[in-house]
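Novice: Structure below; questions to follow.
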Amino acid sequence: MILRNGCVVTPFEILRKADVKIEDGYITEIGNVTESAGETIYDMHGAYICPGFVDIHTHGGFGGDFMDATDESFDNALRFHGVYGTTSVVPTSVTAPFEQIEAMLNTVRRYRSQTPKTCRVLGAHLEGPYLSMKNKGAQKQEFIRVPARDGYAIFTENADIIIRATIAPELEGAAEMTKALTEKGIVVFGGHDDGERDLIMPVVDAGLAGCTHWYCAMSVAAMRNQVRSVGLMEIGLIDDRLTLELIADNHHLPPELVRLAYRCKGAEKICLVSDCLRAGGMPIDGKLYSLGLLGDETAQRFKVADGVAVLPDGTRYAGSIQPLSQMVRNLVLDCNVPMVDAVRMASLTPATVVGMQDCIGSVAVGKYADLCILDSNLQVVNTMVNGQFLS
Ligand SMILES: [Zn+2]
């Protein structure tokens, strides 16, 4: 198969009037490609051929939350991300009883072993339960744990499927936990924290790799014991070891904060994440949704407001309802970020964070044919996963 006459978006430039050849689910040639007899040709009419987006922090979509742990919810959520141009996801848990998290991990394990139909499942991200009480955000307080007191067996027992963790670095035992998880290949980010410099830096030195939804539910510079100390927000901006997740939905981060992060870190150290809840792709009808497991009477509720999910009283954001392709658009149109960099933040940078940069994350020979086709208005026209168009 050949995609002809597209604008191929690489991590460094846009190749105009270029072709992409696809064989057996892989990209095999880019540039001026010669067709063989009988080969299927698609004329792209100058559309952008982007890498399929890689969303390393998402909770669901089209009514499904990964915590439901059912095929129906997984299929719905993966379809939501797939039709909007995301081709790989890292399903993310919420703070919940361990049995619920384990049920979700089992479903992630099963889906990762299958050939992807709408979206690839890379592994799981546990957001909590090792979080700060103060900045728990929409996470539930009664299930919050402390590593030194409660241990973290759930990670060590499921290290085959957990690829990411979000923990609050000020918790007792966080540095040892970060070191232990990093040695097992789990990428640890800090977030939902109430730390300050002297508590955070030992955890960065122990292997902390980034900041989860930077600026949101995160410690900032403040006076403590008559001394001004920086928090994870500022350390994230200036420490080159840390990659920032940005929820670039124009609500969680207004364009000025996106620009601040971009100026400090560049496209190589920023990944866009949807942090999308089950309400992604659903109508704004005032309905109350649950965060986490469906049918759990105690689950945190939220509703869909104009372009964002909020707690029922509207005082706090609960998560986003936008897919990554919309965030790429927001960056280009509202934050003045060049398209090549915006696309890179939604593809190669997140793929690199989870160590998958050799197979996914850019339009390059030898990688999976996972693509997102955008029109001149940066709207998704079609998605390709494993060499197959979704529509
Ligand atoms: Zn989240």
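Chain labels A, B, ... are given in the sequence in which chains occur in the structure tokens; within each chain residues are numbered consecutively from 1, and ligands are likewise numbered from 1 in the order shown.
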Per residue of chain A within 9 Å of ligand 1, which atom pair is closest and at what distance in Å (one decimal), using only C-alpha atoms and all ligand atoms, listed by chain and increasing number, as JSON lines?
Specialist:
{"residue": "A:His57", "atom": "CA", "partner": "ligand 1", "partner_atom_place_in_ligand_line": "1 (Zn)", "distance": 6.2}
{"residue": "A:Thr58", "atom": "CA", "partner": "ligand 1", "partner_atom_place_in_ligand_line": "1 (Zn)", "distance": 6.3}
{"residue": "A:His59", "atom": "CA", "partner": "ligand 1", "partner_atom_place_in_ligand_line": "1 (Zn)", "distance": 6.4}
{"residue": "A:Thr92", "atom": "CA", "partner": "ligand 1", "partner_atom_place_in_ligand_line": "1 (Zn)", "distance": 6.6}
{"residue": "A:Ser93", "atom": "CA", "partner": "ligand 1", "partner_atom_place_in_ligand_line": "1 (Zn)", "distance": 7.5}
{"residue": "A:Val94", "atom": "CA", "partner": "ligand 1", "partner_atom_place_in_ligand_line": "1 (Zn)", "distance": 7.0}
{"residue": "A:Glu127", "atom": "CA", "partner": "ligand 1", "partner_atom_place_in_ligand_line": "1 (Zn)", "distance": 6.3}
{"residue": "A:Gln139", "atom": "CA", "partner": "ligand 1", "partner_atom_place_in_ligand_line": "1 (Zn)", "distance": 8.9}
{"residue": "A:Thr212", "atom": "CA", "partner": "ligand 1", "partner_atom_place_in_ligand_line": "1 (Zn)", "distance": 8.3}
{"residue": "A:His213", "atom": "CA", "partner": "ligand 1", "partner_atom_place_in_ligand_line": "1 (Zn)", "distance": 7.8}
{"residue": "A:Ser274", "atom": "CA", "partner": "ligand 1", "partner_atom_place_in_ligand_line": "1 (Zn)", "distance": 8.5}
{"residue": "A:Asp275", "atom": "CA", "partner": "ligand 1", "partner_atom_place_in_ligand_line": "1 (Zn)", "distance": 4.8}
{"residue": "A:Cys276", "atom": "CA", "partner": "ligand 1", "partner_atom_place_in_ligand_line": "1 (Zn)", "distance": 7.4}
{"residue": "A:Leu277", "atom": "CA", "partner": "ligand 1", "partner_atom_place_in_ligand_line": "1 (Zn)", "distance": 8.1}
{"residue": "A:Ala318", "atom": "CA", "partner": "ligand 1", "partner_atom_place_in_ligand_line": "1 (Zn)", "distance": 8.7}
{"residue": "A:Gly319", "atom": "CA", "partner": "ligand 1", "partner_atom_place_in_ligand_line": "1 (Zn)", "distance": 6.7}
{"residue": "A:Ser320", "atom": "CA", "partner": "ligand 1", "partner_atom_place_in_ligand_line": "1 (Zn)", "distance": 8.9}
Novice: Could you please take those selected residues and save N, CA and C atoms as a PDB file, in the first residue's frame?
Specialist:
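File result33.pdb, as written:
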ATOM      1  N   HIS A  57      -1.378   8.794  29.471  1.00  0.00           N
ATOM      2  CA  HIS A  57      -2.181   9.037  30.675  1.00  0.00           C
ATOM      3  C   HIS A  57      -3.625   9.287  30.252  1.00  0.00           C
ATOM      4  N   THR A  58      -4.422   8.225  30.272  1.00  0.00           N
ATOM      5  CA  THR A  58      -5.840   8.373  29.945  1.00  0.00           C
ATOM      6  C   THR A  58      -6.662   7.379  30.759  1.00  0.00           C
ATOM      7  N   HIS A  59      -7.864   7.817  31.125  1.00  0.00           N
ATOM      8  CA  HIS A  59      -8.748   6.974  31.944  1.00  0.00           C
ATOM      9  C   HIS A  59      -9.877   6.341  31.146  1.00  0.00           C
ATOM     10  N   THR A  92      -4.912   4.188  32.555  1.00  0.00           N
ATOM     11  CA  THR A  92      -4.499   4.737  33.848  1.00  0.00           C
ATOM     12  C   THR A  92      -5.563   4.479  34.906  1.00  0.00           C
ATOM     13  N   SER A  93      -5.097   4.047  36.080  1.00  0.00           N
ATOM     14  CA  SER A  93      -6.007   3.728  37.184  1.00  0.00           C
ATOM     15  C   SER A  93      -6.331   4.999  37.960  1.00  0.00           C
ATOM     16  N   VAL A  94      -7.270   4.877  38.902  1.00  0.00           N
ATOM     17  CA  VAL A  94      -7.456   5.932  39.906  1.00  0.00           C
ATOM     18  C   VAL A  94      -7.181   5.296  41.272  1.00  0.00           C
ATOM     19  N   GLU A 127      -2.006   5.674  38.783  1.00  0.00           N
ATOM     20  CA  GLU A 127      -2.037   7.043  39.315  1.00  0.00           C
ATOM     21  C   GLU A 127      -2.535   6.890  40.750  1.00  0.00           C
ATOM     22  N   GLN A 139      -9.038  12.359  43.388  1.00  0.00           N
ATOM     23  CA  GLN A 139      -8.747  10.992  43.857  1.00  0.00           C
ATOM     24  C   GLN A 139      -9.326  10.793  45.262  1.00  0.00           C
ATOM     25  N   THR A 212       3.622  14.513  36.606  1.00  0.00           N
ATOM     26  CA  THR A 212       2.299  14.141  36.105  1.00  0.00           C
ATOM     27  C   THR A 212       1.392  15.373  36.064  1.00  0.00           C
ATOM     28  N   HIS A 213       0.654  15.526  34.975  1.00  0.00           N
ATOM     29  CA  HIS A 213      -0.138  16.737  34.693  1.00  0.00           C
ATOM     30  C   HIS A 213       0.428  17.962  35.422  1.00  0.00           C
ATOM     31  N   SER A 274      -3.942  13.210  27.544  1.00  0.00           N
ATOM     32  CA  SER A 274      -5.358  13.607  27.546  1.00  0.00           C
ATOM     33  C   SER A 274      -5.906  13.630  28.969  1.00  0.00           C
ATOM     34  N   ASP A 275      -5.447  12.717  29.842  1.00  0.00           N
ATOM     35  CA  ASP A 275      -6.071  12.515  31.162  1.00  0.00           C
ATOM     36  C   ASP A 275      -7.595  12.441  30.981  1.00  0.00           C
ATOM     37  N   CYS A 276      -7.996  11.843  29.858  1.00  0.00           N
ATOM     38  CA  CYS A 276      -9.412  11.864  29.472  1.00  0.00           C
ATOM     39  C   CYS A 276     -10.221  10.906  30.341  1.00  0.00           C
ATOM     40  N   LEU A 277     -11.388  11.367  30.766  1.00  0.00           N
ATOM     41  CA  LEU A 277     -12.294  10.554  31.572  1.00  0.00           C
ATOM     42  C   LEU A 277     -13.311   9.857  30.668  1.00  0.00           C
ATOM     43  N   ALA A 318     -11.987  17.822  37.100  1.00  0.00           N
ATOM     44  CA  ALA A 318     -11.867  16.398  37.432  1.00  0.00           C
ATOM     45  C   ALA A 318     -11.022  15.658  36.411  1.00  0.00           C
ATOM     46  N   GLY A 319     -10.771  16.294  35.263  1.00  0.00           N
ATOM     47  CA  GLY A 319     -10.010  15.645  34.190  1.00  0.00           C
ATOM     48  C   GLY A 319     -10.464  16.239  32.880  1.00  0.00           C
ATOM     49  N   SER A 320      -9.871  15.738  31.787  1.00  0.00           N
ATOM     50  CA  SER A 320     -10.239  16.346  30.507  1.00  0.00           C
ATOM     51  C   SER A 320     -11.210  15.443  29.769  1.00  0.00           C
TER      52      SER A 320
END
Novice: Which residues of stretch 23-79 of chain A have any atom within 8 Å of an atom in stretch 107-116 of chain A when counting only C-alpha atoms, and what is the closest pair of atoms for each, with the distance in Å to one decimal? Order the rows by chain and rising number and write it as a Markdown table.
Specialist:
| residue | atom | partner | partner_atom | distance |
| --- | --- | --- | --- | --- |
| A:Ala69 | CA | A:Thr107 | CA | 5.7 |
| A:Thr70 | CA | A:Thr107 | CA | 7.2 |
| A:Asp71 | CA | A:Thr107 | CA | 7.7 |
Novice: Could you work out how far atom CA of A:Gly292 lies from atom CA of A:Gly307, giving the answer in Å with one decimal?
Specialist: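 One can read the atom CA of A:Gly307 to atom CA of A:Gly292 distance as 20.0 Å.
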Novice: So which one's closest to A:Val83, A:Met104, A:Cys359, A:Cys119, A:Met1? Using only C-alpha atoms, please.
Specialist: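 Closest candidate: A:Cys119.
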Novice: Could you tell me, as a ChimeraX atom specification, which residues of stretch 288-335 of chain A DSSP assigns to helix (DSSP H, G or I) when given the backbone?
Specialist: /A:324-334
Novice: Keeping only N, CA and C atoms, write those residues as a PDB file, in the first residue's frame.
Specialist:
ATOM      1  N   LEU A 324      -5.932  13.567  22.304  1.00  0.00           N
ATOM      2  CA  LEU A 324      -4.660  14.249  22.033  1.00  0.00           C
ATOM      3  C   LEU A 324      -4.696  15.099  20.764  1.00  0.00           C
ATOM      4  N   SER A 325      -5.438  14.634  19.727  1.00  0.00           N
ATOM      5  CA  SER A 325      -5.436  15.406  18.474  1.00  0.00           C
ATOM      6  C   SER A 325      -5.976  16.817  18.701  1.00  0.00           C
ATOM      7  N   GLN A 326      -6.972  16.958  19.591  1.00  0.00           N
ATOM      8  CA  GLN A 326      -7.499  18.296  19.890  1.00  0.00           C
ATOM      9  C   GLN A 326      -6.434  19.131  20.609  1.00  0.00           C
ATOM     10  N   MET A 327      -5.639  18.479  21.450  1.00  0.00           N
ATOM     11  CA  MET A 327      -4.592  19.218  22.177  1.00  0.00           C
ATOM     12  C   MET A 327      -3.482  19.685  21.235  1.00  0.00           C
ATOM     13  N   VAL A 328      -3.171  18.857  20.229  1.00  0.00           N
ATOM     14  CA  VAL A 328      -2.194  19.279  19.211  1.00  0.00           C
ATOM     15  C   VAL A 328      -2.714  20.537  18.512  1.00  0.00           C
ATOM     16  N   ARG A 329      -3.997  20.516  18.190  1.00  0.00           N
ATOM     17  CA  ARG A 329      -4.644  21.676  17.560  1.00  0.00           C
ATOM     18  C   ARG A 329      -4.564  22.900  18.478  1.00  0.00           C
ATOM     19  N   ASN A 330      -4.876  22.701  19.757  1.00  0.00           N
ATOM     20  CA  ASN A 330      -4.828  23.828  20.714  1.00  0.00           C
ATOM     21  C   ASN A 330      -3.429  24.432  20.751  1.00  0.00           C
ATOM     22  N   LEU A 331      -2.407  23.582  20.734  1.00  0.00           N
ATOM     23  CA  LEU A 331      -1.032  24.085  20.807  1.00  0.00           C
ATOM     24  C   LEU A 331      -0.685  24.937  19.594  1.00  0.00           C
ATOM     25  N   VAL A 332      -1.083  24.442  18.413  1.00  0.00           N
ATOM     26  CA  VAL A 332      -0.736  25.159  17.179  1.00  0.00           C
ATOM     27  C   VAL A 332      -1.558  26.442  17.055  1.00  0.00           C
ATOM     28  N   LEU A 333      -2.868  26.329  17.296  1.00  0.00           N
ATOM     29  CA  LEU A 333      -3.755  27.471  17.009  1.00  0.00           C
ATOM     30  C   LEU A 333      -3.798  28.483  18.145  1.00  0.00           C
ATOM     31  N   ASP A 334      -3.671  28.041  19.396  1.00  0.00           N
ATOM     32  CA  ASP A 334      -3.855  28.962  20.535  1.00  0.00           C
ATOM     33  C   ASP A 334      -2.575  29.259  21.304  1.00  0.00           C
TER      34      ASP A 334
END
Novice: Which is closer to A:Ile56 than all the others in A:Gln379, A:Gln141, A:Ser88, A:Ser219, using only C-alpha atoms?
Specialist: A:Ser88
Novice: Would you please work out which residue, of A:Gly366, A:Asn336, A:Gly61, A:Thr86, is nearest to A:Ala309 when using only C-alpha atoms?
Specialist: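 Among the listed residues, A:Gly61 lies closest to A:Ala309.
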Novice: What are the closest atom pairs, with distances in Å to one decimal, for all residues of stretch 37-146 of chain A lying within 12 Å of stretch 173-178 of chain A? Consider only C-alpha atoms, order rows by chain and residue number, and present the result as JSON lines.
Specialist:
{"residue": "A:Tyr130", "atom": "CA", "partner": "A:Ala174", "partner_atom": "CA", "distance": 8.6}
{"residue": "A:Leu131", "atom": "CA", "partner": "A:Ala174", "partner_atom": "CA", "distance": 10.2}
{"residue": "A:Ser132", "atom": "CA", "partner": "A:Ala174", "partner_atom": "CA", "distance": 11.5}
{"residue": "A:Arg145", "atom": "CA", "partner": "A:Gly173", "partner_atom": "CA", "distance": 11.1}
{"residue": "A:Val146", "atom": "CA", "partner": "A:Gly173", "partner_atom": "CA", "distance": 7.5}
Novice: Given the selection you just returned, output its residues as a file containing all heavy atoms, formatted as a compact mmCIF listing (two decimals), in the first residue's frame.
Specialist:
# COMPACT_ATOMS: atom_id res chain seq x y z
N TYR A 130 -0.43 6.21 46.05
CA TYR A 130 0.58 6.83 46.92
C TYR A 130 0.63 8.33 46.62
O TYR A 130 1.54 8.83 45.94
CB TYR A 130 1.94 6.15 46.70
CG TYR A 130 1.83 4.66 46.93
CD1 TYR A 130 1.54 3.79 45.89
CD2 TYR A 130 1.97 4.13 48.21
CE1 TYR A 130 1.40 2.43 46.10
CE2 TYR A 130 1.84 2.77 48.44
CZ TYR A 130 1.54 1.93 47.37
OH TYR A 130 1.39 0.59 47.60
N LEU A 131 -0.40 9.06 47.10
CA LEU A 131 -0.56 10.47 46.76
C LEU A 131 -0.72 11.31 48.02
O LEU A 131 -0.95 10.78 49.11
CB LEU A 131 -1.80 10.66 45.87
CG LEU A 131 -1.84 9.83 44.58
CD1 LEU A 131 -3.16 10.07 43.85
CD2 LEU A 131 -0.67 10.12 43.68
N SER A 132 -0.61 12.62 47.84
CA SER A 132 -0.78 13.53 48.98
C SER A 132 -2.26 13.74 49.28
O SER A 132 -3.09 13.76 48.37
CB SER A 132 -0.11 14.87 48.66
OG SER A 132 -1.04 15.92 48.65
N ARG A 145 -2.36 5.71 50.19
CA ARG A 145 -1.39 4.90 50.94
C ARG A 145 -0.05 5.63 51.03
O ARG A 145 0.23 6.54 50.25
CB ARG A 145 -1.16 3.56 50.23
CG ARG A 145 -2.41 2.70 50.07
CD ARG A 145 -2.77 1.99 51.37
NE ARG A 145 -3.97 1.18 51.23
CZ ARG A 145 -5.21 1.61 51.49
NH1 ARG A 145 -5.42 2.85 51.88
NH2 ARG A 145 -6.23 0.79 51.38
N VAL A 146 0.79 5.17 52.01
CA VAL A 146 2.14 5.71 52.19
C VAL A 146 3.12 4.55 52.00
O VAL A 146 2.97 3.50 52.62
CB VAL A 146 2.30 6.30 53.62
CG1 VAL A 146 3.73 6.76 53.85
CG2 VAL A 146 1.31 7.44 53.83
Novice: Under the rule that only C-alpha atoms are counted, which of A:Asp55, A:Asp150, A:Asp198, A:Asp341 is the nearest residue to A:Ile360?
Specialist: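 That would be A:Asp55, the residue with the smallest distance to A:Ile360.
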Novice: Could you please determine the separation between atom CA of A:Lys303 and atom CA of A:Tyr289 in Å, to one decimal place?
Specialist: 6.0 Å
Novice: Could you pull out the residues in stretch 66-244 of chain A that DSSP calls strand (DSSP E) from the backbone, as a PyMOL selection string?
Specialist: chain A and resi 86-91+120-121+124-127+162-167+187-190+210-211+222-224+227-229+243-244
Novice: Skip A:Met133 itself and residues of its chain fewer than 5 positions away, then list as a list of chain:residue names all residues within 10 Å of it, counting only C-alpha atoms.
Specialist: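 Contacts, in chain order: A:Gln139, A:Lys140, A:Gln141, A:Glu142, A:Ile144, A:Arg145, A:Ala168, A:His192, A:Asp193, A:Asp194.
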Novice: Between A:Gly195, A:Gly60, A:Gly6, A:Pro338, which residue has the minimum interatomic distance to A:Gly82, considering only C-alpha atoms?
Specialist: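 Of the candidates, the smallest distance to A:Gly82 is held by A:Gly60.
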Novice: Report, in Å with one decimal, the straight-line distance from atom CA of A:Leu311 to atom CA of A:Leu126.
Specialist: 21.5 Å
